[in-house]
There are 2 protein chains.
Amino acid sequence: MSRTATPQRRARIERVLSRRQKDLTLVLANIHDPHNVSAIYRSCDAFGVAEVHLYYTDTPFPVLGRKASASARKWVESVRHKTLDGLMHSLRTDGRQILAASCSATARPLADWDFTKPTAVIMGNEHRGVDKELAAHVDGELYIPMHGMIRSFNVSVAAAVILAEASRQRVLAGMYAKPGYTEEEFAAKLDIWLTR
Amino acid sequence: MSRTATPQRRARIERVLSRRQKDLTLVLANIHDPHNVSAIYRSCDAFGVAEVHLYYTDTPFPVLGRKASASARKWVESVRHKTLDGLMHSLRTDGRQILAASCSATARPLADWDFTKPTAVIMGNEHRGVDKELAAHVDGELYIPMHGMIRSFNVSVAAAVILAEASRQRVLAGMYAKPGYTEEEFAAKLDIWLTR
């Protein structure tokens, strides 16, 4: 299969893989709308998020459409978790800070956070936000400053704005120019990506 | 009607009106998807954009749903333009820089632009982007740095990321704390908003 990749495509794949931020991730927690989930995958791909974590406890994971977003799902790995312990254990690798997107009184504004640190951000359900059982385990909560009459963002817009800020900080810190994967990891992923 | 506003609602409306950025605007140019248009209105409200300009030349303005986004449309004024001259004349008030969201080779990254200046950003159609006839009149083009396999953003995500950066710069510059409207303008808008 990998023989079918043109040199241009191989170069593009190598470039994108080399820019993946393996220590920046989102958790999708019971987000139900397929448009939102699709848009979030697309933003993750664009900002170099290597993998997302799916934590669905009482909401079915939506059926996604086939267009650009489905394509983005090819390039962003998904890790499913069935238990809170499993999720938290996985997120705590490499000393990640775990943040929840939240409108609570204790949340701090987006720009206050240092996203050059290994970071996971939990995005909650469209109606309920991040569930309490999850929020109890985070290191902090973040909010996007709002100045209007409507009191909440669409969750896919919120995810994009958060990732854009993380990406802005990481560009300034030169983190897209540094290898994220070991040589072995890179070679293994390249083999897989070339067949997609 | 205005007698029906509670003191809390009146205070909220006054606060939101006082934070409106009347010199920051978007142009929606032939954006056809109602979800995208709705999400853009919601982001405009959230980031304090007072009015948007609609320039539809070959695409019908979509029928929008009734939920949060329809609500956002109440709080963000819409100005329709039928001619390019009319649009440009309107945008050129108060010496605004006019930018187009674009992936062209001459575009400069989002963070390079000074959004504390009076600014209009043109967002184009989902498939075609900003049409050439419009692009020929702008002062510059901006792009959002992307690091992934997919080569474009959803337009409502792009609009939100652009407005979030503009808002970030304006927060740092204290622009939400300074009155944007004259006292007369503020009083007139307050009268209208209290009846909504």
# chains A, B, ... in the order shown; residues from 1 in each chain; ligands from 1
>>> select_by_dssp(residues="region 22-193 of chain B", states="alpha helix (DSSP H)", output="ChimeraX atom specification")
/B:34-47,68-75,84-91,132-135,155-172,183-193
>>> write_last_selection(atoms="C-alpha atoms", output="mmCIF file, in the first residue's frame")
data_model
loop_
_atom_site.group_PDB
_atom_site.id
_atom_site.type_symbol
_atom_site.label_atom_id
_atom_site.label_comp_id
_atom_site.auth_asym_id
_atom_site.auth_seq_id
_atom_site.Cartn_x
_atom_site.Cartn_y
_atom_site.Cartn_z
ATOM 1 C CA PRO B 34 -27.168 28.072 8.152
ATOM 2 C CA HIS B 35 -25.189 26.308 10.912
ATOM 3 C CA ASN B 36 -22.132 28.308 9.950
ATOM 4 C CA VAL B 37 -23.953 31.629 9.778
ATOM 5 C CA SER B 38 -25.654 30.952 13.109
ATOM 6 C CA ALA B 39 -22.388 30.014 14.793
ATOM 7 C CA ILE B 40 -20.721 33.146 13.423
ATOM 8 C CA TYR B 41 -23.448 35.384 14.882
ATOM 9 C CA ARG B 42 -23.023 33.659 18.226
ATOM 10 C CA SER B 43 -19.256 34.220 18.170
ATOM 11 C CA CYS B 44 -19.732 37.856 17.141
ATOM 12 C CA ASP B 45 -21.999 38.416 20.122
ATOM 13 C CA ALA B 46 -19.540 36.702 22.447
ATOM 14 C CA PHE B 47 -16.529 38.713 21.301
ATOM 15 C CA ALA B 68 -29.249 30.269 20.671
ATOM 16 C CA SER B 69 -27.988 31.511 17.334
ATOM 17 C CA ALA B 70 -31.261 33.179 16.458
ATOM 18 C CA SER B 71 -31.031 34.786 19.828
ATOM 19 C CA ALA B 72 -27.505 36.006 19.022
ATOM 20 C CA ARG B 73 -28.885 37.649 15.875
ATOM 21 C CA LYS B 74 -30.988 39.885 18.107
ATOM 22 C CA TRP B 75 -27.861 41.385 19.612
ATOM 23 C CA LEU B 84 -19.571 46.246 -3.998
ATOM 24 C CA ASP B 85 -19.311 50.038 -3.882
ATOM 25 C CA GLY B 86 -21.887 50.220 -1.125
ATOM 26 C CA LEU B 87 -20.083 47.574 0.902
ATOM 27 C CA MET B 88 -16.667 49.166 0.505
ATOM 28 C CA HIS B 89 -17.939 52.663 1.232
ATOM 29 C CA SER B 90 -19.540 51.411 4.424
ATOM 30 C CA LEU B 91 -16.450 49.480 5.533
ATOM 31 C CA LYS B 132 -11.730 37.810 -6.465
ATOM 32 C CA GLU B 133 -13.848 40.916 -7.007
ATOM 33 C CA LEU B 134 -13.824 41.413 -3.238
ATOM 34 C CA ALA B 135 -10.232 40.299 -2.634
ATOM 35 C CA VAL B 155 -15.662 28.865 8.146
ATOM 36 C CA SER B 156 -17.411 29.293 11.492
ATOM 37 C CA VAL B 157 -14.371 27.871 13.281
ATOM 38 C CA ALA B 158 -12.109 30.212 11.300
ATOM 39 C CA ALA B 159 -14.301 33.199 12.178
ATOM 40 C CA ALA B 160 -14.212 32.286 15.868
ATOM 41 C CA VAL B 161 -10.432 31.843 15.903
ATOM 42 C CA ILE B 162 -9.960 35.209 14.171
ATOM 43 C CA LEU B 163 -12.343 37.000 16.535
ATOM 44 C CA ALA B 164 -10.734 35.309 19.548
ATOM 45 C CA GLU B 165 -7.338 36.689 18.512
ATOM 46 C CA ALA B 166 -8.799 40.144 17.885
ATOM 47 C CA SER B 167 -10.507 39.968 21.269
ATOM 48 C CA ARG B 168 -7.337 38.784 23.016
ATOM 49 C CA GLN B 169 -5.470 41.802 21.659
ATOM 50 C CA ARG B 170 -8.279 44.170 22.570
ATOM 51 C CA VAL B 171 -8.550 42.821 26.113
ATOM 52 C CA LEU B 172 -4.813 43.387 26.581
ATOM 53 C CA GLU B 183 -23.491 58.920 25.164
ATOM 54 C CA GLU B 184 -26.221 59.628 22.605
ATOM 55 C CA GLU B 185 -25.557 56.445 20.664
ATOM 56 C CA PHE B 186 -25.471 54.434 23.878
ATOM 57 C CA ALA B 187 -28.790 55.834 25.099
ATOM 58 C CA ALA B 188 -30.470 55.180 21.754
ATOM 59 C CA LYS B 189 -29.218 51.596 21.600
ATOM 60 C CA LEU B 190 -30.133 50.973 25.207
ATOM 61 C CA ASP B 191 -33.723 52.017 24.514
ATOM 62 C CA ILE B 192 -33.923 49.502 21.682
ATOM 63 C CA TRP B 193 -32.185 46.673 23.496
#
>>> residues_around(residues="Thr6 (chain A)", least_positions_apart="5", cutoff="12 Å", atoms="only C-alpha atoms", output="count of residues only")
6
>>> residues_around(residues="Lys178 (chain A)", least_positions_apart="3", cutoff="8 Å", atoms="only C-alpha atoms", output="VMD selection string")
chain A and resid 18 to 19 174 to 175
>>> write_last_selection(atoms="C-alpha atoms", output="PDB file, in the first residue's frame")
ATOM      1  CA  SER A  18       6.808  15.891  12.564  1.00  0.00           C
ATOM      2  CA  ARG A  19       4.572  18.703  13.832  1.00  0.00           C
ATOM      3  CA  GLY A 174       9.078  26.733  18.712  1.00  0.00           C
ATOM      4  CA  MET A 175       7.361  23.501  19.654  1.00  0.00           C
TER       5      MET A 175
END
>>> atom_distance(atom1="CA of Pro145 (chain A)", atom2="CA of Gln21 (chain B)")
14.6 Å
>>> residues_around(residues="Leu110 (chain A)", least_positions_apart="5", cutoff="7 Å", atoms="only C-alpha atoms", output="PDB file with C-alpha atoms, in the first residue's frame")
ATOM      1  CA  LEU A 142     -10.557  27.426  32.088  1.00  0.00           C
ATOM      2  CA  TYR A 143     -13.047  29.724  30.447  1.00  0.00           C
ATOM      3  CA  ILE A 144     -13.007  31.819  27.303  1.00  0.00           C
TER       4      ILE A 144
END
>>> atom_distance(atom1="CA of Leu54 (chain B)", atom2="CA of Leu17 (chain B)")
21.6 Å
>>> closest_residue(among="B:Gly124, B:Gly48, B:Gly180, B:Pro7", to="chain A", atoms="only C-alpha atoms")
B:Gly48
